[in-house]
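Inspection log for the structure reproduced underneath, given as structure tokens.
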Amino acid sequence: MTPQIALPILIPLLSGAVSLLFWRSRSMQRFLAVAGTASLLLTSLWLLATVQRDGIQVMQMGGWTAPFGISLVADLLGAIMVVLTGIIGFAVALFSLATVGRGHEAYGYFPLMHLLLAGVAGAFLTGDIFNLYVWFEVMLVASFALLILGSEKAQMEGAIKYVTLNLVSSVVFLVAVGLLYGMVGTLNMADIARRLATLENDGMADVLAMMFMVAFGIKAAAFPLFFWLPASYHTPPVAVSALFAGLLTKVGVYALYRVFTLIFHHSPGYTHEILLWGAGFTMLSGVLGAAAQFEFRRILSFHIVSQIGYMILGLALFTPLAIIGGVFYIIHHIIVKTNLFLVSGIVHRLRGTYQLKALGGVYRSHPWLAVLFLIPALSLAGMPPLSGFLAKFIVIRAGLEAEAYGVTFIALLVGLLTLYSMIKIWAEVFWKAAPEAQGEPPPVVAPRGMWLMSATVAGLGLCTLFIGLNAGPIYALAEASADQLLAPERYIEAVLGSGVEPDATGEETP
């Protein structure tokens, strides 16, 4: 019995349900937000420690053995992603205490946040392809509701684009699941991998691989269907933007890693070549979009797209070093990107706008905030010795070793353009004088809750410094995760048991 596999899903669900019971108690909902996310973080660390010590953990729901029941599976990648979910959930809960208004809280902000975290954790831990679809829908419902809380015009426009593209993704995903079930007769991912390996219809398998690539590519905001992200992420309260930026697209990336290392890894010359060039165009289009923007959160949103390209590049190269780089990049980026959005929220609290042209002079009045911005900004650009440098270095070195010179050159170029964008934000927001129309910056008066916002940003900044200055353990964790991903038979054996061998018909042979 390994309850730590189910707890990361049950805790946010329970926290959300109890929050609903205290619908009229603002203080109780805020307490549950912090207590629930702190519990999620602690149990996720317990789960990661268990997986590191004892290997892949499996829980068969309701006592039904796989492939007949629903399996929860935690390998190293899944456990790492759940820990990151706990970190980001806890940080955003703290930040929300200082930034989310009474109106949002009165309409269910915290219960929706718990539901979203449950959906994310469920997607990382499920071992069933249909349940992965279900958790995607849970995330979509919760994120759509969070996106439209407040009902401002910009939010509604962004939400329509967001939900439309994500519904397209859901339809493609569901059709692909149906076709896959018709082909192999099972929904358990380990069993799918085992049975698919015995079939001779490679053409149909390639078609299904492309359908999953499209569905998860939309979720991950990969080229060319990424435009829903920069159209929507700058519209809700900044705590919601930070939560989305840190976690939602990474669920799509995680699904790509899971499916294309476990199930569709038999034709890398076809599927992974498409992923390779998709990664290149994703990096390039995202960073060029960011270079053209002058709104704080829209720049950061386009950079989510460009950085997703690095993560997909690690999967596309499909070498041990590249997978290590991809996992390392995911760890680094979730923390850094969330932190940058939270910094933008503090700037907005101080100056009342996200428009770079209307900002300025923040360094003079709040030099500590400039430092807190530089840590994640330079890390995102890949400056040593921060976490982003190591993440980019591993991926680029893997590209050179694989002789993928074209896409590796794009990765290097995108790094330079990312640095340009971060310098642009620094110069416009922090370094230049405040615009004349604005006059002198307002007196330095600590806004309510500023200490809590600053502590949250500083905490995530320390995480970035820790990863950069103490990379050995994180690299070892990513390396062990890559070893598991590149040996799918371990996952299959953990879920189905060692006594099941595939045969030509796909039937179990004890």
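In the structure tokens, the first chain shown is A, the next is B, and so on; residue numbers restart at 1 for each chain, and ligands run from 1 in the order shown.
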| request: Pick out the residues sitting within 7 Å of segment 14-21 of chain A, and hand them over as a list in words; count only C-alpha atoms, and ignore anything fewer than 5 positions along from it in its own chain. | output: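 So, after excluding close chain neighbours, the residues are Gln29, Leu32, Gly36, Pro111, His114 and Leu115 of chain A.
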| request: Name all residues at most 12 Å from segment 207-209 of chain A (count only C-alpha atoms; drop same-chain ones fewer than 5 positions away) and give them as a PyMOL selection string. | output: chain A and resi 172-184+196+201-202+214-217+256+259-268+270-272+274-275
| Proximity to Leu380 of chain A - best of A:Gly468, A:Gly119, A:Gly62, A:Gly280, only C-alpha atoms |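 Smallest separation from Leu380 of chain A among the options: A:Gly468.
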| remark: note - atom CA of Pro224 of chain A and atom CA of His303 of chain A are separated by 14.7 Å
| Looking at only C-alpha atoms, which of A:Leu465, A:Leu342, A:Ala118, A:Ile324 is the one that sits closest to Glu479 of chain A? |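 The answer is A:Ile324, which sits nearest to Glu479 of chain A.
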| query | Which residue, A:Gly269, A:Gly203, A:Gly286, A:Gly278, has the smallest gap to Pro230 of chain A when you use only C-alpha atoms? | reply |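 Once distances to Pro230 of chain A are computed over only C-alpha atoms, the minimum belongs to A:Gly286.
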